[in-house]
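Enquirer: File final-v3.tsv follows (TSV, C-alpha atoms):
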```
chain	number	residue	atom	x	y	z
A	1	MET	CA	-31.34	-21.42	-4.53
A	2	PRO	CA	-29.25	-22.27	-1.44
A	3	ALA	CA	-31.18	-23.50	1.58
A	4	LYS	CA	-29.18	-21.49	4.14
A	5	PRO	CA	-28.86	-17.68	4.25
A	6	ILE	CA	-25.46	-16.57	3.03
A	7	GLY	CA	-24.40	-15.34	6.48
A	8	GLN	CA	-25.02	-18.72	8.10
A	9	SER	CA	-23.28	-20.44	5.20
A	10	MET	CA	-20.23	-18.25	5.70
A	11	ILE	CA	-20.17	-19.32	9.33
A	12	ALA	CA	-20.43	-22.97	8.29
A	13	ALA	CA	-17.51	-22.40	5.91
A	14	ASN	CA	-15.45	-20.87	8.76
A	15	LEU	CA	-15.14	-17.54	6.97
A	16	ILE	CA	-16.72	-15.56	9.81
A	17	ASN	CA	-18.14	-16.30	13.27
A	18	GLU	CA	-21.52	-15.62	14.90
A	19	TYR	CA	-20.36	-12.39	16.53
A	20	GLN	CA	-18.98	-11.05	13.24
A	21	LEU	CA	-22.23	-11.90	11.45
A	22	LYS	CA	-24.25	-10.01	14.05
A	23	GLU	CA	-21.99	-6.97	13.72
A	24	LEU	CA	-22.13	-7.15	9.92
A	25	LEU	CA	-25.93	-7.24	9.89
A	26	ASN	CA	-26.11	-4.20	12.19
A	27	TYR	CA	-23.59	-2.37	10.02
A	28	GLN	CA	-25.49	-3.30	6.86
A	29	ARG	CA	-28.79	-1.96	8.23
A	30	ASN	CA	-27.22	1.44	8.92
A	31	LEU	CA	-25.82	1.93	5.42
A	32	ASP	CA	-27.42	4.46	3.10
A	33	VAL	CA	-26.89	2.17	0.10
A	34	ARG	CA	-27.90	-1.48	0.29
A	35	THR	CA	-24.70	-3.55	0.12
A	36	PRO	CA	-24.65	-7.36	-0.12
A	37	LEU	CA	-23.40	-9.05	3.01
A	38	GLY	CA	-20.67	-10.93	1.21
A	39	LYS	CA	-19.29	-7.77	-0.36
A	40	LEU	CA	-19.14	-6.16	3.08
A	41	THR	CA	-17.03	-9.01	4.50
A	42	VAL	CA	-14.46	-8.37	1.78
A	43	GLU	CA	-14.58	-4.56	1.99
A	44	LEU	CA	-14.12	-4.68	5.75
A	45	GLY	CA	-11.21	-7.11	5.48
A	46	LEU	CA	-12.86	-10.05	7.21
A	47	VAL	CA	-12.52	-12.35	4.20
A	48	LYS	CA	-10.02	-12.28	1.36
A	49	GLU	CA	-11.49	-11.62	-2.07
A	50	ASP	CA	-10.26	-14.90	-3.57
A	51	GLU	CA	-11.61	-16.88	-0.61
A	52	PHE	CA	-15.00	-15.26	-0.92
A	53	ALA	CA	-15.13	-15.91	-4.67
A	54	ALA	CA	-14.48	-19.62	-4.07
A	55	PHE	CA	-17.14	-19.66	-1.35
A	56	LEU	CA	-19.66	-17.87	-3.58
A	57	ALA	CA	-19.13	-20.43	-6.34
A	58	SER	CA	-19.84	-23.25	-3.91
A	59	TYR	CA	-22.82	-21.42	-2.39
A	60	PHE	CA	-24.54	-21.01	-5.76
A	61	ASN	CA	-23.24	-24.32	-7.14
A	62	VAL	CA	-21.32	-22.63	-9.97
A	63	PRO	CA	-17.75	-23.71	-10.89
A	64	TYR	CA	-14.89	-21.63	-9.47
A	65	MET	CA	-11.93	-20.65	-11.64
A	66	ASP	CA	-8.66	-19.29	-10.28
A	67	LEU	CA	-7.53	-17.11	-13.19
A	68	ASN	CA	-3.99	-17.04	-11.82
A	69	ASP	CA	-3.78	-20.71	-12.80
A	70	TYR	CA	-5.66	-20.31	-16.08
A	71	LEU	CA	-3.53	-18.37	-18.49
A	72	THR	CA	-4.41	-19.71	-21.96
A	73	VAL	CA	-7.29	-17.66	-23.37
A	74	GLN	CA	-7.28	-17.89	-27.16
A	75	PRO	CA	-7.45	-14.68	-29.27
A	76	GLU	CA	-10.56	-15.90	-31.11
A	77	VAL	CA	-12.35	-16.20	-27.76
A	78	LEU	CA	-11.39	-12.66	-26.78
A	79	ASP	CA	-12.64	-11.42	-30.14
A	80	LEU	CA	-16.17	-12.47	-29.18
A	81	VAL	CA	-16.38	-9.84	-26.42
A	82	PRO	CA	-15.08	-6.29	-27.01
A	83	GLN	CA	-12.75	-4.96	-24.35
A	84	SER	CA	-15.17	-2.14	-23.52
A	85	ILE	CA	-17.89	-4.65	-22.64
A	86	ALA	CA	-15.51	-6.88	-20.68
A	87	LYS	CA	-14.43	-3.86	-18.60
A	88	ARG	CA	-17.96	-2.54	-18.09
A	89	LEU	CA	-19.32	-5.90	-16.94
A	90	ASN	CA	-16.01	-6.99	-15.35
A	91	ILE	CA	-16.13	-10.37	-17.05
A	92	LEU	CA	-13.62	-12.42	-19.01
A	93	PRO	CA	-14.41	-14.87	-21.81
A	94	VAL	CA	-12.14	-17.87	-21.22
A	95	LEU	CA	-13.23	-20.78	-23.43
A	96	LYS	CA	-15.56	-21.55	-26.32
A	97	HIS	CA	-16.85	-25.03	-27.13
A	98	ASP	CA	-19.37	-25.37	-29.94
A	99	ASP	CA	-22.00	-22.70	-29.21
A	100	THR	CA	-21.16	-22.38	-25.49
A	101	LEU	CA	-18.92	-19.60	-24.18
A	102	THR	CA	-17.46	-19.97	-20.68
A	103	VAL	CA	-17.25	-16.60	-18.94
A	104	ALA	CA	-15.59	-15.71	-15.64
A	105	MET	CA	-17.66	-13.31	-13.56
A	106	SER	CA	-17.66	-12.24	-9.92
A	107	ASP	CA	-21.46	-12.28	-9.53
A	108	PRO	CA	-23.01	-15.51	-10.85
A	109	LEU	CA	-26.51	-14.04	-10.37
A	110	ASP	CA	-25.90	-11.10	-12.71
A	111	LEU	CA	-28.47	-12.27	-15.26
A	112	ALA	CA	-28.48	-8.91	-17.03
A	113	ALA	CA	-24.79	-9.40	-17.83
A	114	VAL	CA	-25.48	-12.93	-19.07
A	115	GLU	CA	-28.27	-11.70	-21.36
A	116	ASN	CA	-26.03	-8.91	-22.66
A	117	LEU	CA	-23.27	-11.41	-23.46
A	118	GLU	CA	-25.67	-13.80	-25.17
A	119	THR	CA	-26.81	-10.96	-27.43
A	120	VAL	CA	-23.25	-9.83	-28.24
A	121	THR	CA	-21.68	-13.26	-28.75
A	122	HIS	CA	-24.66	-15.27	-30.06
A	123	CYS	CA	-23.53	-18.02	-27.70
A	124	ARG	CA	-24.93	-19.80	-24.70
A	125	ILE	CA	-23.14	-18.52	-21.61
A	126	LYS	CA	-21.62	-20.87	-19.07
A	127	ARG	CA	-20.79	-19.02	-15.86
A	128	VAL	CA	-17.72	-19.60	-13.69
A	129	VAL	CA	-16.86	-17.51	-10.64
A	130	SER	CA	-13.59	-15.63	-10.18
A	131	SER	CA	-12.64	-12.75	-7.91
A	132	PRO	CA	-13.22	-9.20	-9.21
A	133	ALA	CA	-9.51	-8.36	-8.92
A	134	GLN	CA	-8.43	-11.43	-10.87
A	135	ILE	CA	-10.92	-10.59	-13.62
A	136	ARG	CA	-9.71	-6.97	-13.82
A	137	GLN	CA	-6.08	-8.10	-13.97
A	138	SER	CA	-6.86	-10.70	-16.63
A	139	ILE	CA	-8.73	-8.16	-18.78
A	140	LYS	CA	-5.67	-5.91	-18.63
A	141	PHE	CA	-3.38	-8.83	-19.42
A	142	TYR	CA	-5.24	-10.29	-22.37
A	143	TYR	CA	-6.66	-7.16	-23.99
A	144	SER	CA	-3.80	-4.71	-23.45
A	145	GLY	CA	-0.65	-6.57	-24.47
A	146	PRO	CA	0.27	-9.39	-22.10
A	147	ALA	CA	4.07	-9.45	-22.05
A	148	PRO	CA	4.84	-6.85	-19.30
A	149	PHE	CA	1.98	-8.04	-17.10
A	150	LEU	CA	2.90	-11.70	-17.53
A	151	MET	CA	6.59	-11.15	-16.81
A	152	ARG	CA	5.77	-9.20	-13.65
A	153	GLN	CA	3.40	-11.95	-12.53
A	154	LEU	CA	5.91	-14.74	-13.19
A	155	ILE	CA	8.82	-12.96	-11.50
A	156	GLU	CA	6.78	-12.02	-8.41
A	157	ARG	CA	5.43	-15.55	-8.11
A	158	ALA	CA	8.89	-17.11	-8.51
A	159	TYR	CA	10.59	-14.73	-6.07
A	160	LYS	CA	7.94	-15.15	-3.36
A	161	SER	CA	8.05	-18.95	-3.77
A	162	ASP	CA	11.86	-19.08	-3.63
A	163	VAL	CA	12.03	-20.38	-7.21
A	164	LYS	CA	15.49	-19.68	-8.64
A	165	ASN	CA	14.88	-20.06	-12.38
A	166	ILE	CA	12.03	-19.39	-14.80
A	167	HIS	CA	12.24	-21.28	-18.11
A	168	ILE	CA	10.33	-20.00	-21.13
A	169	GLN	CA	10.50	-23.02	-23.40
A	170	PRO	CA	9.29	-22.94	-27.04
A	171	GLU	CA	7.73	-26.13	-28.37
A	172	LYS	CA	6.27	-26.90	-31.79
A	173	ASN	CA	2.89	-25.20	-31.22
A	174	ARG	CA	3.11	-23.89	-27.64
A	175	VAL	CA	5.26	-21.95	-25.22
A	176	GLU	CA	5.73	-23.74	-21.91
A	177	ILE	CA	6.51	-21.85	-18.69
A	178	LEU	CA	8.46	-23.90	-16.16
A	179	PHE	CA	9.83	-23.19	-12.69
A	180	ARG	CA	12.98	-24.93	-11.46
A	181	VAL	CA	12.13	-26.20	-7.98
A	182	LYS	CA	14.72	-28.24	-6.08
A	183	ASN	CA	16.59	-29.26	-9.24
A	184	ARG	CA	13.35	-30.28	-10.95
A	185	LEU	CA	11.44	-28.42	-13.66
A	186	GLU	CA	7.71	-28.01	-13.02
A	187	LYS	CA	5.37	-26.71	-15.74
A	188	ILE	CA	3.11	-23.96	-14.44
A	189	ALA	CA	1.53	-22.59	-17.62
A	190	SER	CA	1.23	-23.02	-21.38
A	191	TYR	CA	0.58	-20.39	-24.05
A	192	PRO	CA	0.03	-20.23	-27.80
A	193	LYS	CA	3.28	-20.05	-29.80
A	194	SER	CA	2.40	-16.45	-30.70
A	195	ALA	CA	3.24	-15.44	-27.11
A	196	LEU	CA	6.95	-16.20	-27.57
A	197	MET	CA	7.96	-13.16	-29.61
A	198	PRO	CA	6.36	-10.54	-27.29
A	199	LEU	CA	7.99	-12.21	-24.26
A	200	SER	CA	11.35	-12.46	-26.00
A	201	ASP	CA	11.19	-8.84	-27.20
A	202	TYR	CA	10.29	-7.66	-23.70
A	203	VAL	CA	13.23	-9.47	-22.09
A	204	LYS	CA	15.70	-8.37	-24.77
A	205	LYS	CA	14.65	-4.75	-24.58
A	206	ALA	CA	14.78	-4.73	-20.78
A	207	SER	CA	18.26	-6.34	-20.89
A	208	ASN	CA	19.66	-4.18	-23.73
A	209	LEU	CA	20.32	-7.28	-25.86
A	210	GLY	CA	20.12	-7.63	-29.62
A	211	MET	CA	16.51	-7.66	-30.76
A	212	LYS	CA	17.05	-9.96	-33.75
A	213	MET	CA	17.21	-13.71	-33.27
A	214	ASN	CA	20.90	-14.67	-33.17
A	215	GLU	CA	22.60	-17.97	-33.80
A	216	ALA	CA	24.76	-17.39	-30.73
A	217	PRO	CA	23.43	-17.38	-27.14
A	218	GLN	CA	22.93	-14.03	-25.40
A	219	GLU	CA	23.30	-13.17	-21.73
A	220	GLY	CA	22.41	-10.10	-19.74
A	221	TYR	CA	20.31	-8.78	-16.88
A	222	PHE	CA	17.66	-6.21	-15.99
A	223	ASN	CA	16.37	-4.58	-12.83
A	224	PHE	CA	12.92	-5.50	-11.53
A	225	ASN	CA	10.96	-3.34	-9.07
A	226	SER	CA	7.48	-4.21	-7.79
A	227	ASP	CA	5.70	-4.35	-4.42
A	228	ASN	CA	8.87	-3.78	-2.34
A	229	ILE	CA	10.80	-6.25	-4.52
A	230	ASN	CA	14.03	-4.70	-5.86
A	231	ILE	CA	16.14	-7.32	-7.60
A	232	GLU	CA	18.36	-7.92	-10.59
A	233	ILE	CA	17.16	-10.64	-12.99
A	234	GLY	CA	19.74	-12.67	-14.89
A	235	VAL	CA	18.88	-13.47	-18.52
A	236	SER	CA	20.09	-16.27	-20.79
A	237	ILE	CA	18.71	-16.65	-24.31
A	238	LEU	CA	19.54	-19.74	-26.36
A	239	PRO	CA	18.40	-20.22	-29.97
A	240	THR	CA	16.70	-23.58	-30.63
A	241	VAL	CA	14.97	-25.21	-33.59
A	242	SER	CA	11.57	-24.20	-32.12
A	243	GLY	CA	12.56	-20.66	-31.20
A	244	GLU	CA	14.49	-18.84	-28.49
A	245	ARG	CA	14.60	-20.51	-25.08
A	246	ILE	CA	14.76	-17.95	-22.26
A	247	VAL	CA	16.00	-18.65	-18.74
A	248	LEU	CA	15.57	-16.03	-16.03
A	249	GLU	CA	17.60	-16.17	-12.81
A	250	VAL	CA	15.45	-14.87	-9.92
A	251	PRO	CA	17.24	-13.04	-8.46
A	252	ARG	CA	20.71	-12.56	-9.92
A	253	LYS	CA	21.19	-10.30	-6.95
A	254	ILE	CA	19.15	-8.18	-4.55
A	255	ILE	CA	19.45	-4.44	-5.14
```
Is it possible to express this structure as structure tokens?

Expert:
Amino acid sequence: MPAKPIGQSMIAANLINEYQLKELLNYQRNLDVRTPLGKLTVELGLVKEDEFAAFLASYFNVPYMDLNDYLTVQPEVLDLVPQSIAKRLNILPVLKHDDTLTVAMSDPLDLAAVENLETVTHCRIKRVVSSPAQIRQSIKFYYSGPAPFLMRQLIERAYKSDVKNIHIQPEKNRVEILFRVKNRLEKIASYPKSALMPLSDYVKKASNLGMKMNEAPQEGYFNFNSDNINIEIGVSILPTVSGERIVLEVPRKII
């Protein structure tokens, strides 16, 4: 167990100061329901959820995983944990190696959840820490049809980072996601080849393009609205030997 109390460790990590810790402890003592100090710092807006998750991983010496950067969970891994259990425990299975299943969870000390997962999966459980919100979003993405969620995530990320083009590039066994940054393509994610058709169908439907794979290129656009972002996305689809390459212009214009 850590040598320092969690409050003092948060001070050492520059997440809060001495005055804030004192106020938090007084607030905690007056609550009807016992609430962990770390959870209070997030609920009261003193620390961002992702920052606290990274701190918690370090505090308990458990690896931290940013699920926004880890977007390649295999279907056979998901099959080990039913969606109902993943939602109830707010965990996400992310990787299986031999008899060890790596699971993202927000509370690394939730031993009851670990025991439950060991019983269900017949695997040893390796814990990694992620924020509760990232886990919830990832459960929705992986278990409930990823294409709309993934497209929203990619477009929001590109627009907020001033990235002008998103390339969805089919390879022999994978689908590579690349951002064009300052005339240079940078790979940001990689998916199984099975992800290409749902992404292609989503873009075609949104853009009112032909749903069948054509020998000729297709061009179009669709409107995107999310979190005060109202833009028009340009679409170019080019057939290749490996599948349809999709290029999104972000934005084609601001609505």

Enquirer: Calculate how many Å separate atom CA of A:His122 from atom CA of A:Leu89, rounding to one decimal.

Expert: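 Calculated distance between atom CA of A:His122 and atom CA of A:Leu89 is 17.0 Å.
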
Enquirer: Around all the atoms of stretch 40-46 of chain A listed in the file, with 8 Å of room on each side, what axis-aligned box do you get, giving centre and edge lengths in Å to one decimal, as JSON?

Expert:
```
{"center_x": -15.2, "center_y": -7.3, "center_z": 4.5, "size_x": 23.9, "size_y": 21.5, "size_z": 21.4}
```

Enquirer: Of the candidates A:Ala104, A:Ala112, A:Val175, A:Leu209, which one gets nearest to A:Leu67 if we count only C-alpha atoms?

Expert: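 Closest residue, counting only C-alpha atoms: A:Ala104.
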
Enquirer: Produce a table with one row for each residue of stretch 69-159 of chain A that has an atom at most 12 Å from any atom of stretch 23-47 of chain A, each row naming the nearest atom pair and its distance in Å at one decimal; use only C-alpha atoms; arrange rows by chain and rising residue number; format as a Markdown table.

Expert:
```
| residue | atom | partner | partner_atom | distance |
| --- | --- | --- | --- | --- |
| A:Ser106 | CA | A:Lys39 | CA | 10.7 |
| A:Asp107 | CA | A:Lys39 | CA | 10.4 |
| A:Ser131 | CA | A:Val42 | CA | 10.8 |
| A:Pro132 | CA | A:Lys39 | CA | 10.8 |
| A:Ala133 | CA | A:Val42 | CA | 11.8 |
```

Enquirer: Do you have the atom CA of A:Val114-atom CA of A:Val62 distance handy?

Expert: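 Computing it gives 13.9 Å between the two atoms.
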
Enquirer: Using all atoms listed in the file for the distances, tell me which of A:Asn173, A:Asn208, A:Asn14, A:Asn214 is nearest to A:Leu238.

Expert: A:Asn214

Enquirer: Counting only C-alpha atoms, which of A:Ala195, A:Ala216, A:Ala189, A:Ala12 gets nearest to A:Pro75?

Expert: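 Of A:Ala195, A:Ala216, A:Ala189, A:Ala12, the one nearest A:Pro75 is A:Ala195, counting only C-alpha atoms.
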
Enquirer: What does the distance between atom CA of A:Ser242 and atom CA of A:Arg180 come to in Å, to one decimal place?

Expert: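 Between atom CA of A:Ser242 and atom CA of A:Arg180 the gap works out to 20.7 Å.
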
Enquirer: When distances are computed from all atoms listed in the file, which of A:Asn61, A:Asn17, A:Asn225, A:Thr119 shows the smallest separation from A:Pro2?

Expert: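 Among the listed residues, A:Asn61 lies closest to A:Pro2.
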
Enquirer: Would you kindly return, as a PyMOL selection string, each protein, DNA or RNA residue with an atom no farther than 8 Å from any atom of A:Arg127, considering only C-alpha atoms and excluding same-chain residues fewer than 6 positions away?

Expert: chain A and resi 62-63+102-105+108

Enquirer: What's around A:Gln74 at 8 Å? Count all atoms listed in the file, leave out sequence neighbours fewer than 2 positions away in its own chain, and write the answer as a JSON list (two decimals) with C-alpha atoms, in the frame of the given file.

Expert:
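Resulting contents of around-v3.json:
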```
[["chain", "number", "residue", "atom", "x", "y", "z"],
["A", 72, "THR", "CA", -4.41, -19.71, -21.96],
["A", 76, "GLU", "CA", -10.56, -15.90, -31.11],
["A", 77, "VAL", "CA", -12.35, -16.20, -27.76],
["A", 78, "LEU", "CA", -11.39, -12.66, -26.78],
["A", 94, "VAL", "CA", -12.14, -17.87, -21.22],
["A", 95, "LEU", "CA", -13.23, -20.78, -23.43],
["A", 192, "PRO", "CA", 0.03, -20.23, -27.80]]
```

Enquirer: If we count all atoms listed in the file, what is near A:Gly243 at a cut-off of 9 Å, once residues fewer than 4 positions away on the same chain are taken out, given as number ranges by chain?

Expert: A: 169-172, 196-197, 213, 238-239

Enquirer: So which residues touch stretch 79-87 of chain A within 10 Å, counting all atoms listed in the file, skipping near sequence neighbours fewer than 6 positions away, as a PyMOL selection string?

Expert: chain A and resi 93+96+101+105+113+116-117+120-123+135-136+139-140+142-144

Enquirer: Show which residues sit within 12 Å of A:Gln153, as a VMD selection string. Count all atoms listed in the file, and ignore same-chain residues fewer than 6 positions away.

Expert: chain A and resid 68 to 69 71 134 137 to 138 141 146 to 147 159 to 160 166 189 224 to 227

Enquirer: Considering all atoms listed in the file, can you say which of A:Asn90, A:Tyr19, A:Gly210, A:Asp98 comes closest to A:Ile125?

Expert: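 Smallest distance to A:Ile125 is found for A:Asp98.
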
Enquirer: Could you complete stretch 104-140 of chain A so that it carries N, CA and C atoms, and give it back as a CSV table (one decimal), in the coordinates of the input?

Expert:
```
chain,number,residue,atom,x,y,z
A,104,ALA,N,-15.9,-15.9,-17.1
A,104,ALA,CA,-15.6,-15.7,-15.6
A,104,ALA,C,-16.2,-14.4,-15.2
A,105,MET,N,-17.0,-14.5,-14.1
A,105,MET,CA,-17.7,-13.3,-13.6
A,105,MET,C,-17.7,-13.4,-12.0
A,106,SER,N,-17.7,-12.2,-11.4
A,106,SER,CA,-17.7,-12.2,-9.9
A,106,SER,C,-19.0,-12.4,-9.3
A,107,ASP,N,-20.1,-12.1,-10.0
A,107,ASP,CA,-21.5,-12.3,-9.5
A,107,ASP,C,-22.2,-13.3,-10.4
A,108,PRO,N,-22.4,-14.5,-10.0
A,108,PRO,CA,-23.0,-15.5,-10.8
A,108,PRO,C,-24.5,-15.3,-11.0
A,109,LEU,N,-25.1,-14.3,-10.2
A,109,LEU,CA,-26.5,-14.0,-10.4
A,109,LEU,C,-26.8,-12.8,-11.2
A,110,ASP,N,-25.7,-12.3,-11.9
A,110,ASP,CA,-25.9,-11.1,-12.7
A,110,ASP,C,-26.5,-11.5,-14.1
A,111,LEU,N,-27.8,-11.8,-14.1
A,111,LEU,CA,-28.5,-12.3,-15.3
A,111,LEU,C,-28.5,-11.2,-16.4
A,112,ALA,N,-28.5,-10.0,-16.0
A,112,ALA,CA,-28.5,-8.9,-17.0
A,112,ALA,C,-27.2,-9.0,-17.8
A,113,ALA,N,-26.1,-9.3,-17.1
A,113,ALA,CA,-24.8,-9.4,-17.8
A,113,ALA,C,-24.8,-10.6,-18.7
A,114,VAL,N,-25.4,-11.7,-18.3
A,114,VAL,CA,-25.5,-12.9,-19.1
A,114,VAL,C,-26.3,-12.7,-20.3
A,115,GLU,N,-27.4,-12.0,-20.2
A,115,GLU,CA,-28.3,-11.7,-21.4
A,115,GLU,C,-27.5,-10.8,-22.3
A,116,ASN,N,-26.8,-9.8,-21.8
A,116,ASN,CA,-26.0,-8.9,-22.7
A,116,ASN,C,-25.0,-9.7,-23.5
A,117,LEU,N,-24.3,-10.6,-22.8
A,117,LEU,CA,-23.3,-11.4,-23.5
A,117,LEU,C,-23.9,-12.4,-24.5
A,118,GLU,N,-25.0,-12.9,-24.2
A,118,GLU,CA,-25.7,-13.8,-25.2
A,118,GLU,C,-26.0,-13.0,-26.4
A,119,THR,N,-26.5,-11.8,-26.3
A,119,THR,CA,-26.8,-11.0,-27.4
A,119,THR,C,-25.6,-10.6,-28.2
A,120,VAL,N,-24.5,-10.3,-27.6
A,120,VAL,CA,-23.2,-9.8,-28.2
A,120,VAL,C,-22.5,-11.0,-28.9
A,121,THR,N,-22.5,-12.1,-28.3
A,121,THR,CA,-21.7,-13.3,-28.8
A,121,THR,C,-22.5,-14.3,-29.6
A,122,HIS,N,-23.8,-14.3,-29.4
A,122,HIS,CA,-24.7,-15.3,-30.1
A,122,HIS,C,-24.3,-16.7,-29.6
A,123,CYS,N,-23.9,-16.7,-28.3
A,123,CYS,CA,-23.5,-18.0,-27.7
A,123,CYS,C,-24.3,-18.2,-26.4
A,124,ARG,N,-24.4,-19.5,-26.0
A,124,ARG,CA,-24.9,-19.8,-24.7
A,124,ARG,C,-23.8,-19.5,-23.7
A,125,ILE,N,-24.2,-18.9,-22.6
A,125,ILE,CA,-23.1,-18.5,-21.6
A,125,ILE,C,-23.1,-19.5,-20.4
A,126,LYS,N,-21.9,-20.0,-20.2
A,126,LYS,CA,-21.6,-20.9,-19.1
A,126,LYS,C,-20.9,-20.0,-18.1
A,127,ARG,N,-21.4,-19.9,-16.9
A,127,ARG,CA,-20.8,-19.0,-15.9
A,127,ARG,C,-19.8,-19.8,-15.0
A,128,VAL,N,-18.6,-19.2,-14.7
A,128,VAL,CA,-17.7,-19.6,-13.7
A,128,VAL,C,-17.4,-18.4,-12.8
A,129,VAL,N,-17.1,-18.6,-11.6
A,129,VAL,CA,-16.9,-17.5,-10.6
A,129,VAL,C,-15.4,-17.3,-10.4
A,130,SER,N,-14.9,-16.0,-10.5
A,130,SER,CA,-13.6,-15.6,-10.2
A,130,SER,C,-13.7,-14.3,-9.4
A,131,SER,N,-12.6,-14.0,-8.7
A,131,SER,CA,-12.6,-12.8,-7.9
A,131,SER,C,-12.6,-11.5,-8.8
A,132,PRO,N,-13.2,-10.4,-8.4
A,132,PRO,CA,-13.2,-9.2,-9.2
A,132,PRO,C,-11.8,-8.7,-9.6
A,133,ALA,N,-10.9,-8.8,-8.6
A,133,ALA,CA,-9.5,-8.4,-8.9
A,133,ALA,C,-8.8,-9.2,-10.0
A,134,GLN,N,-9.0,-10.5,-9.9
A,134,GLN,CA,-8.4,-11.4,-10.9
A,134,GLN,C,-9.0,-11.2,-12.3
A,135,ILE,N,-10.3,-10.9,-12.3
A,135,ILE,CA,-10.9,-10.6,-13.6
A,135,ILE,C,-10.4,-9.3,-14.2
A,136,ARG,N,-10.3,-8.2,-13.4
A,136,ARG,CA,-9.7,-7.0,-13.8
A,136,ARG,C,-8.3,-7.1,-14.3
A,137,GLN,N,-7.5,-7.9,-13.6
A,137,GLN,CA,-6.1,-8.1,-14.0
A,137,GLN,C,-6.0,-8.9,-15.3
A,138,SER,N,-6.9,-9.9,-15.4
A,138,SER,CA,-6.9,-10.7,-16.6
A,138,SER,C,-7.3,-9.9,-17.9
A,139,ILE,N,-8.3,-9.0,-17.7
A,139,ILE,CA,-8.7,-8.2,-18.8
A,139,ILE,C,-7.6,-7.3,-19.2
A,140,LYS,N,-6.8,-6.7,-18.3
A,140,LYS,CA,-5.7,-5.9,-18.6
A,140,LYS,C,-4.6,-6.7,-19.3
```
